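*Asks:* File name entry19.cif; file contents mmCIF, C-alpha atoms and all ligand atoms; full text below.
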data_upload
#
loop_
_atom_site.label_atom_id
_atom_site.label_comp_id
_atom_site.auth_asym_id
_atom_site.auth_seq_id
_atom_site.Cartn_x
_atom_site.Cartn_y
_atom_site.Cartn_z
CA MET A 1 -25.61 22.90 3.84
CA THR A 2 -25.12 19.72 1.80
CA VAL A 3 -22.16 17.45 2.40
CA LEU A 4 -20.70 18.79 -0.85
CA GLU A 5 -20.59 22.33 0.49
CA ALA A 6 -18.57 21.49 3.62
CA GLY A 7 -15.19 23.00 2.72
CA ALA A 8 -13.30 23.02 -0.57
CA ALA A 9 -10.99 20.01 -1.06
CA PRO A 10 -7.25 20.78 -1.33
CA HIS A 11 -6.74 17.49 -3.24
CA ILE A 12 -8.48 16.78 -6.55
CA PRO A 13 -9.98 13.27 -6.34
CA VAL A 14 -8.73 11.03 -9.13
CA LEU A 15 -11.03 8.93 -11.39
CA ILE A 16 -13.98 9.91 -9.22
CA ALA A 17 -16.72 9.15 -11.80
CA GLU A 18 -15.15 5.75 -12.49
CA VAL A 19 -14.83 5.00 -8.76
CA LEU A 20 -18.52 5.79 -8.17
CA SER A 21 -19.55 3.70 -11.15
CA ALA A 22 -17.45 0.73 -9.97
CA LEU A 23 -18.98 1.01 -6.49
CA SER A 24 -22.57 1.31 -7.68
CA PRO A 25 -25.24 0.75 -6.57
CA LEU A 26 -24.41 3.03 -3.64
CA ASP A 27 -27.94 3.94 -2.60
CA GLY A 28 -28.19 3.17 1.11
CA ALA A 29 -24.90 1.23 0.97
CA VAL A 30 -22.37 0.95 3.78
CA ALA A 31 -18.90 1.63 2.39
CA ILE A 32 -15.34 1.91 3.65
CA ASP A 33 -13.06 4.64 2.32
CA GLY A 34 -9.66 3.29 3.36
CA THR A 35 -7.78 6.43 2.29
CA PHE A 36 -9.78 9.46 3.43
CA GLY A 37 -7.17 12.12 2.50
CA ALA A 38 -9.11 15.32 1.80
CA GLY A 39 -12.33 13.31 1.83
CA GLY A 40 -12.98 13.53 -1.92
CA TYR A 41 -14.17 9.93 -2.28
CA SER A 42 -16.10 9.90 1.02
CA ARG A 43 -17.87 13.09 0.09
CA ALA A 44 -18.75 11.78 -3.38
CA MET A 45 -20.07 8.47 -1.98
CA LEU A 46 -22.29 10.33 0.49
CA GLU A 47 -23.54 12.60 -2.30
CA ALA A 48 -24.26 9.50 -4.39
CA GLY A 49 -26.54 8.20 -1.65
CA ALA A 50 -24.38 5.93 0.51
CA GLY A 51 -26.13 5.31 3.81
CA ARG A 52 -22.93 5.27 5.79
CA VAL A 53 -19.23 5.75 5.05
CA ILE A 54 -16.54 4.60 7.43
CA ALA A 55 -13.38 6.45 6.44
CA ILE A 56 -9.86 5.66 7.59
CA ASP A 57 -6.59 7.56 7.39
CA ARG A 58 -3.27 7.00 9.12
CA ASP A 59 -2.39 10.70 8.89
CA PRO A 60 -3.61 12.57 11.99
CA THR A 61 -3.70 15.85 10.01
CA ALA A 62 -6.19 14.29 7.54
CA ILE A 63 -8.37 13.14 10.44
CA GLU A 64 -8.29 16.62 11.97
CA ALA A 65 -9.12 18.35 8.68
CA GLY A 66 -11.99 15.90 8.09
CA ALA A 67 -13.90 17.07 11.18
CA ALA A 68 -15.92 19.60 9.15
CA LEU A 69 -17.10 16.92 6.71
CA VAL A 70 -18.04 14.61 9.60
CA ALA A 71 -20.05 17.44 11.18
CA ALA A 72 -21.83 18.14 7.89
CA SER A 73 -22.68 14.48 7.28
CA ALA A 74 -25.51 14.18 9.81
CA GLY A 75 -24.00 11.03 11.29
CA ARG A 76 -23.41 9.29 7.95
CA LEU A 77 -19.60 9.69 7.99
CA THR A 78 -17.43 8.06 10.64
CA LEU A 79 -13.75 9.02 10.42
CA VAL A 80 -11.26 6.80 12.21
CA PRO A 81 -7.49 7.06 12.58
CA GLY A 82 -5.68 3.86 11.63
CA THR A 83 -4.19 1.85 8.79
CA PHE A 84 -6.19 0.31 5.97
CA SER A 85 -4.49 -3.04 6.50
CA GLU A 86 -6.88 -3.31 9.46
CA LEU A 87 -9.96 -1.98 7.72
CA ASP A 88 -12.11 -4.98 8.63
CA ARG A 89 -11.32 -4.63 12.33
CA LEU A 90 -11.85 -0.84 12.24
CA ALA A 91 -15.20 -1.25 10.47
CA THR A 92 -16.33 -3.89 12.96
CA GLU A 93 -15.39 -1.57 15.83
CA ALA A 94 -17.47 1.13 14.14
CA GLY A 95 -20.44 -1.27 14.17
CA GLU A 96 -20.23 -2.71 10.62
CA ALA A 97 -19.02 -6.31 10.53
CA SER A 98 -19.70 -6.50 6.78
CA VAL A 99 -20.00 -3.81 4.12
CA ASP A 100 -21.16 -3.23 0.53
CA GLY A 101 -18.07 -1.43 -0.76
CA VAL A 102 -14.40 -0.76 -0.08
CA VAL A 103 -12.39 1.87 -1.92
CA LEU A 104 -8.64 2.49 -1.69
CA ASP A 105 -6.84 5.42 -3.34
CA ILE A 106 -3.25 4.40 -2.75
CA GLY A 107 -0.36 6.79 -2.17
CA VAL A 108 0.15 10.29 -0.85
CA SER A 109 -2.29 13.19 -0.95
CA SER A 110 -1.54 16.58 -2.46
CA MET A 111 -1.58 18.01 1.09
CA GLN A 112 1.19 15.62 2.12
CA LEU A 113 3.25 16.26 -1.01
CA ASP A 114 2.82 20.01 -1.05
CA ARG A 115 3.75 20.66 2.58
CA ALA A 116 7.53 20.91 2.75
CA GLU A 117 7.50 20.14 6.48
CA ARG A 118 6.22 16.60 5.74
CA GLY A 119 9.42 15.83 3.84
CA PHE A 120 7.81 13.89 0.94
CA SER A 121 8.97 16.19 -1.83
CA PHE A 122 12.33 16.73 -3.49
CA ARG A 123 11.01 20.05 -4.82
CA ALA A 124 11.02 21.94 -1.52
CA ASP A 125 13.41 21.79 1.40
CA GLY A 126 12.05 20.28 4.60
CA PRO A 127 12.86 17.73 7.29
CA LEU A 128 13.60 14.32 5.74
CA ASP A 129 10.51 12.77 7.32
CA MET A 130 7.95 11.08 4.93
CA ARG A 131 5.91 9.44 7.70
CA MET A 132 2.20 9.53 6.84
CA SER A 133 1.30 8.63 10.43
CA LEU A 134 3.84 11.03 11.99
CA SER A 135 5.13 8.12 14.08
CA GLY A 136 7.96 5.59 13.78
CA PRO A 137 11.34 5.95 12.05
CA THR A 138 11.70 8.84 9.58
CA ALA A 139 13.31 8.76 6.14
CA ALA A 140 16.36 10.43 7.72
CA ASP A 141 16.59 7.57 10.24
CA VAL A 142 16.56 5.12 7.33
CA VAL A 143 19.23 6.80 5.19
CA ASN A 144 21.42 7.35 8.24
CA ALA A 145 21.19 3.74 9.47
CA LEU A 146 20.94 1.18 6.66
CA GLU A 147 23.99 -0.69 5.42
CA PRO A 148 25.11 0.47 1.93
CA LYS A 149 23.89 -2.78 0.32
CA GLU A 150 20.52 -2.47 2.04
CA LEU A 151 20.13 1.12 0.88
CA ALA A 152 21.00 0.13 -2.67
CA ARG A 153 18.49 -2.70 -2.55
CA LEU A 154 15.81 -0.36 -1.23
CA PHE A 155 16.34 2.12 -4.11
CA TRP A 156 16.46 -0.69 -6.66
CA ILE A 157 13.43 -2.67 -5.46
CA TYR A 158 11.07 0.16 -4.48
CA GLY A 159 12.31 2.79 -6.91
CA GLU A 160 13.60 0.68 -9.83
CA GLU A 161 16.59 3.06 -9.65
CA LYS A 162 19.36 1.75 -11.91
CA GLN A 163 22.07 3.78 -10.15
CA SER A 164 21.03 2.46 -6.74
CA MET A 165 24.50 1.34 -5.60
CA ARG A 166 26.18 4.59 -6.63
CA ILE A 167 23.52 6.61 -4.81
CA ALA A 168 23.88 4.41 -1.70
CA LYS A 169 27.65 4.98 -1.72
CA ALA A 170 27.22 8.77 -2.06
CA ILE A 171 24.79 8.71 0.88
CA VAL A 172 27.18 6.74 3.07
CA ALA A 173 30.11 9.02 2.17
CA ARG A 174 28.15 12.11 3.22
CA ARG A 175 26.55 10.69 6.36
CA ASP A 176 29.97 9.66 7.70
CA SER A 177 30.79 13.36 8.08
CA GLU A 178 27.26 14.64 8.81
CA PRO A 179 23.99 12.69 9.13
CA PHE A 180 21.12 13.59 6.81
CA ALA A 181 18.38 15.78 8.27
CA ARG A 182 16.83 17.68 5.29
CA THR A 183 15.33 16.72 1.94
CA SER A 184 17.67 19.16 0.16
CA GLU A 185 20.69 17.29 1.54
CA LEU A 186 19.45 14.02 0.09
CA VAL A 187 18.65 15.70 -3.24
CA ALA A 188 22.23 17.08 -3.32
CA ALA A 189 23.69 13.61 -2.64
CA ILE A 190 21.58 12.10 -5.45
CA GLU A 191 22.47 14.92 -7.84
CA SER A 192 26.17 14.40 -7.07
CA VAL A 193 25.73 11.00 -8.77
CA LEU A 194 23.02 11.58 -11.37
CA GLY A 195 23.50 15.28 -12.14
CA GLY A 196 20.82 17.97 -11.86
CA LYS A 197 17.38 17.98 -13.42
CA ARG A 198 17.39 18.30 -17.20
CA PHE A 199 14.64 20.11 -19.09
CA GLY A 200 11.76 17.80 -20.01
CA GLU A 201 13.08 14.91 -17.93
CA MET A 202 11.98 13.45 -14.61
CA HIS A 203 13.75 14.90 -11.56
CA PRO A 204 16.77 12.67 -10.76
CA ALA A 205 15.59 12.22 -7.13
CA THR A 206 12.12 10.94 -8.12
CA ARG A 207 12.87 7.23 -7.88
CA ALA A 208 14.91 7.39 -4.67
CA PHE A 209 12.26 9.51 -2.94
CA GLN A 210 9.51 7.11 -4.04
CA ALA A 211 11.53 4.18 -2.73
CA LEU A 212 12.11 5.78 0.66
CA ARG A 213 8.47 6.75 1.02
CA ILE A 214 7.32 3.19 0.25
CA HIS A 215 9.77 1.80 2.78
CA VAL A 216 9.10 4.32 5.57
CA ASN A 217 5.34 3.68 5.35
CA GLY A 218 5.48 -0.06 4.61
CA GLU A 219 3.19 0.75 1.69
CA LEU A 220 3.26 -2.52 -0.24
CA ASP A 221 2.67 -4.71 2.82
CA GLN A 222 -0.16 -2.36 3.79
CA LEU A 223 -1.69 -2.73 0.33
CA SER A 224 -1.58 -6.52 0.20
CA ASP A 225 -2.97 -6.80 3.74
CA ALA A 226 -5.75 -4.34 2.87
CA LEU A 227 -6.84 -6.47 -0.10
CA ALA A 228 -7.15 -9.48 2.21
CA ALA A 229 -9.00 -7.37 4.82
CA ALA A 230 -11.43 -6.15 2.15
CA GLU A 231 -12.06 -9.73 1.04
CA ARG A 232 -12.98 -10.61 4.65
CA VAL A 233 -15.31 -7.66 5.25
CA LEU A 234 -17.20 -7.44 1.94
CA LYS A 235 -20.69 -8.96 1.64
CA PRO A 236 -21.45 -11.16 -1.40
CA GLY A 237 -22.08 -8.67 -4.21
CA GLY A 238 -19.94 -6.04 -2.46
CA ARG A 239 -17.35 -4.16 -4.47
CA LEU A 240 -13.63 -3.63 -3.96
CA VAL A 241 -12.24 -0.68 -5.93
CA VAL A 242 -8.53 0.16 -5.91
CA VAL A 243 -6.76 3.11 -7.54
CA THR A 244 -2.96 2.88 -7.79
CA PHE A 245 -0.26 5.21 -9.08
CA HIS A 246 2.75 3.08 -9.94
CA SER A 247 3.56 -0.31 -11.36
CA LEU A 248 4.63 -1.94 -8.08
CA GLU A 249 1.22 -1.21 -6.57
CA ASP A 250 -0.76 -2.07 -9.70
CA ARG A 251 1.03 -5.41 -10.04
CA ILE A 252 -0.07 -6.43 -6.55
CA VAL A 253 -3.70 -5.48 -7.20
CA LYS A 254 -3.67 -7.13 -10.62
CA ARG A 255 -2.24 -10.39 -9.25
CA PHE A 256 -4.66 -10.36 -6.31
CA PHE A 257 -7.71 -10.05 -8.56
CA ALA A 258 -6.31 -12.57 -11.06
CA ASP A 259 -5.75 -15.10 -8.28
CA ARG A 260 -9.05 -14.47 -6.53
CA SER A 261 -11.15 -14.61 -9.71
CA ARG A 262 -9.52 -17.76 -11.14
CA GLU A 263 -12.00 -20.54 -11.78
CA ARG A 264 -9.60 -23.24 -12.98
CA ALA A 265 -6.05 -24.29 -12.13
CA GLY A 266 -3.66 -22.34 -14.36
CA GLY A 267 -6.63 -21.36 -16.49
CA SER A 268 -6.58 -24.87 -17.98
CA ARG A 269 -9.62 -27.06 -18.57
CA HIS A 270 -7.43 -30.16 -18.22
CA LEU A 271 -6.30 -29.71 -14.61
CA PRO A 272 -8.46 -30.90 -11.71
CA GLU A 273 -10.77 -28.09 -10.60
CA ALA A 274 -10.74 -29.32 -7.02
CA THR A 275 -7.21 -27.90 -6.60
CA VAL A 276 -8.44 -24.35 -7.16
CA PRO A 277 -10.32 -22.73 -4.28
CA PRO A 278 -13.58 -21.08 -5.33
CA ALA A 279 -13.22 -17.55 -6.69
CA THR A 280 -13.80 -14.84 -4.09
CA PHE A 281 -14.14 -12.05 -6.68
CA HIS A 282 -15.83 -11.77 -10.03
CA LEU A 283 -14.21 -9.34 -12.51
CA GLU A 284 -16.05 -7.40 -15.21
CA GLY A 285 -12.83 -6.88 -17.17
CA ARG A 286 -9.12 -7.66 -16.88
CA GLN A 287 -7.83 -4.30 -18.10
CA PRO A 288 -7.36 -1.40 -15.68
CA ILE A 289 -9.37 1.79 -16.15
CA ASP A 290 -7.28 4.94 -16.87
CA ALA A 291 -8.14 8.62 -16.72
CA GLY A 292 -9.61 10.17 -19.87
CA GLU A 293 -8.30 13.25 -21.67
CA ALA A 294 -10.82 15.56 -19.96
CA GLU A 295 -9.61 14.57 -16.50
CA LEU A 296 -5.94 14.74 -17.49
CA ALA A 297 -6.45 18.29 -18.72
CA VAL A 298 -7.47 19.43 -15.23
CA ASN A 299 -5.50 16.97 -13.10
CA PRO A 300 -2.13 15.82 -14.50
CA ARG A 301 -1.65 13.69 -11.34
CA ALA A 302 -4.25 11.31 -12.81
CA ARG A 303 -1.86 10.37 -15.63
CA SER A 304 -0.44 7.33 -13.87
CA ALA A 305 -3.66 6.32 -12.08
CA LYS A 306 -5.10 2.84 -12.71
CA LEU A 307 -8.39 1.60 -11.35
CA ARG A 308 -9.20 -2.07 -10.86
CA PHE A 309 -12.29 -3.49 -9.20
CA GLY A 310 -13.90 -6.78 -8.34
CA ILE A 311 -17.28 -7.97 -7.09
CA ARG A 312 -17.25 -10.24 -4.04
CA THR A 313 -18.68 -13.73 -4.45
CA GLU A 314 -20.05 -15.94 -1.67
CA ALA A 315 -16.83 -18.00 -1.41
CA PRO A 316 -15.02 -17.85 1.92
CA SER A 317 -12.07 -15.48 2.24
CA ARG A 318 -8.59 -16.97 2.41
CA SER A 319 -5.14 -16.02 3.60
CA ILE A 320 -2.85 -13.88 1.53
CA ASP A 321 0.46 -14.99 0.02
CA ARG A 322 2.57 -11.81 -0.29
CA ASP A 323 5.24 -13.55 -2.38
CA ALA A 324 2.69 -14.79 -4.91
CA LEU A 325 1.31 -11.26 -5.19
CA GLY A 326 4.80 -9.94 -5.96
CA VAL A 327 5.20 -7.93 -2.75
CA PRO A 328 8.98 -7.49 -2.60
CA SER A 329 10.67 -8.49 0.63
CA LEU A 330 13.57 -6.12 1.01
CA PHE A 331 16.03 -7.78 3.32
CA ARG A 332 15.05 -11.44 3.05
CA ASP A 333 15.33 -13.76 0.05
CA ARG A 334 18.27 -11.89 -1.48
CA PRO A 335 19.25 -13.19 -4.89
C1 LIG B 1 -4.22 9.72 -2.39
S1 LIG B 1 -4.72 10.20 -0.81
C2 LIG B 1 -6.45 9.92 -0.81
C3 LIG B 1 -7.23 11.07 -1.36
C4 LIG B 1 -8.73 10.89 -1.26
N1 LIG B 1 -9.23 9.80 -2.07
C5 LIG B 1 -9.44 12.17 -1.65
O1 LIG B 1 -10.12 12.17 -2.68
O2 LIG B 1 -9.29 13.18 -0.96
C6 LIG B 1 -4.17 8.87 0.16
C7 LIG B 1 -4.46 9.02 1.64
O3 LIG B 1 -4.36 7.72 2.19
C8 LIG B 1 -3.67 7.78 3.40
N2 LIG B 1 -3.00 6.48 3.55
C9 LIG B 1 -1.97 6.01 2.83
N3 LIG B 1 -1.64 4.78 3.25
C10 LIG B 1 -2.49 4.47 4.26
C11 LIG B 1 -2.67 3.33 5.08
N4 LIG B 1 -1.86 2.27 4.96
N5 LIG B 1 -3.66 3.34 5.98
C12 LIG B 1 -4.47 4.43 6.10
N6 LIG B 1 -4.34 5.55 5.36
C13 LIG B 1 -3.37 5.57 4.44
C14 LIG B 1 -2.70 8.93 3.26
O4 LIG B 1 -2.37 9.43 4.53
C15 LIG B 1 -3.50 9.90 2.41
O5 LIG B 1 -4.18 10.81 3.21
#
Spell out the structure here as structure tokens.
*Replies:*
Amino acid sequence: MTVLEAGAAPHIPVLIAEVLSALSPLDGAVAIDGTFGAGGYSRAMLEAGAGRVIAIDRDPTAIEAGAALVAASAGRLTLVPGTFSELDRLATEAGEASVDGVVLDIGVSSMQLDRAERGFSFRADGPLDMRMSLSGPTAADVVNALEPKELARLFWIYGEEKQSMRIAKAIVARRDSEPFARTSELVAAIESVLGGKRFGEMHPATRAFQALRIHVNGELDQLSDALAAAERVLKPGGRLVVVTFHSLEDRIVKRFFADRSRERAGGSRHLPEATVPPATFHLEGRQPIDAGEAELAVNPRARSAKLRFGIRTEAPSRSIDRDALGVPSLFRDRP
């Protein structure tokens, strides 16, 4: 049995050809898959000739489901539970202090979204949970505890929800009589403000659910820390490939690569070069790579996907400045 034959994937990997191309050459390479999910990227990297893949996921159900692929990999796939913000430490513990490639496919998997009991979806009723790792405070804990202004800020910053304050007030009015426990209860509170779903339009709960998910899982902090961890663990010539699904994530990746590939202060020839640390990544292009029509026809989820990648230089890694990358800080620095 080849690695490819070890179980059908319940999640269609996004931009897979583009990911493999950005990571190439993979022959004999050691790579980190920071978001194992259903193993689509890990599987493809092994099929493309990677010598070893160290895959990480914070969701224990993904780790459990990946056992078959590990068994089929003849020792070439190591699957570890943990967060990708610590990918350099996890790789070192797995025996690889430096690697040739790192790939991150940010966000939730189809398995997480489609299982009502995980509480990620406004489409099916389930516990208001949203924790990828199944540990820590749930989305219900958050909506039942935050001050109205904090809730509004969360929906505005992480969901770009224009009606954030009205939704926060509706939540507080309901939770005063009965705390939230189910996704359907939150959907009803949001619909009491925004109305129900209209044909051809986005579901009114989309932005609030996205915001809660980002907050519950600390997703943007995780992303910025993972970029810094990848910078530390990649060998010169190694490749960092990141696929994102919304503008908040893409902005962080874009700013990271712009900052790390800058050769001159402010891009100006007239400023002293000594003030700019040497570039840690080389970029082959500034524009993100999107899915083509053929992929969109079979996987509509790819519509919002953006791929960016960089090639590690020999320059030493440096610390990350979350503010400069545009990582929003929810409850500090209020305007
Ligand atoms: C979009 S899916 C990845 C799908 C995968 N590329 C595939 O083809 O099957 C994202 C996965 O990353 C995991 N994940 C999200 N944030 C994480 C983090 N900070 N650390 C580790 N895993 C994370 C999720 O649990 C989920 O399983």
*Asks:* Taking all atoms listed in the file into account, name the residue in A:Gly218, A:Pro277, A:Gly51, A:Gly28 that is nearest to ligand LIG 1 (chain B).
*Replies:*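 Of all the options, A:Gly218 lies closest to ligand LIG 1 (chain B).
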*Asks:* Would you list the residues that come within 6 Å of ligand LIG 1 (chain B)? Count only C-alpha atoms and all ligand atoms and give the answer as a list of chain:residue names.
*Replies:*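 Residues lying within 6 Å of ligand LIG 1 (chain B): A:His11, A:Pro13, A:Gly34, A:Thr35, A:Phe36, A:Gly37, A:Ala38, A:Gly39, A:Gly40, A:Tyr41, A:Ile56, A:Asp57, A:Arg58, A:Asp59, A:Ala62, A:Gly82, A:Thr83, A:Phe84, A:Asp105, A:Ile106, A:Gly107, A:Val108, A:Ser109, A:Met132, A:Gln222.
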*Asks:* Set the distance at 8 Å and use all atoms listed in the file: which residues neighbour range 164-170 of chain A once local chain neighbours fewer than 5 positions away are removed? I'd like the list as a tab-separated table (two decimals) with C-alpha atoms, keeping the file's coordinate frame.
*Replies:*
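Final output, around15.tsv:
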chain	number	residue	atom	x	y	z
A	148	PRO	CA	25.11	0.47	1.93
A	149	LYS	CA	23.89	-2.78	0.32
A	151	LEU	CA	20.13	1.12	0.88
A	152	ALA	CA	21.00	0.13	-2.67
A	153	ARG	CA	18.49	-2.70	-2.55
A	155	PHE	CA	16.34	2.12	-4.11
A	156	TRP	CA	16.46	-0.69	-6.66
A	189	ALA	CA	23.69	13.61	-2.64
A	190	ILE	CA	21.58	12.10	-5.45
A	192	SER	CA	26.17	14.40	-7.07
A	193	VAL	CA	25.73	11.00	-8.77
*Asks:* Restricting the calculation to all atoms listed in the file: of A:Met45, A:Arg251, A:Arg76, A:Ala205, which residue gets closest to Ala22 in chain A?
*Replies:*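 Of A:Met45, A:Arg251, A:Arg76, A:Ala205, the one nearest Ala22 in chain A is A:Met45, counting all atoms listed in the file.
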*Asks:* Looking at A:Leu194, A:Ile289, A:Leu220, A:Val242, which one is nearest to Leu23 in chain A, with distances taken over all atoms listed in the file?
*Replies:*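 With all atoms listed in the file as the atom set, the closest residue is A:Val242.
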*Asks:* Tell me which residues come within 10 Å of (-23.4, 10.2, -2.8), as an MDAnalysis selection string, counting all atoms listed in the file in the file's coordinates.
*Replies:* chainID A and resid 3:4 20 26:29 41:53
*Asks:* Select, from A:Asp100, A:Glu191, A:Glu117, A:Asp176, the residue with the minimum atom-to-atom distance to Thr313 in chain A, counting only C-alpha atoms.
*Replies:*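 Closest residue, counting only C-alpha atoms: A:Asp100.
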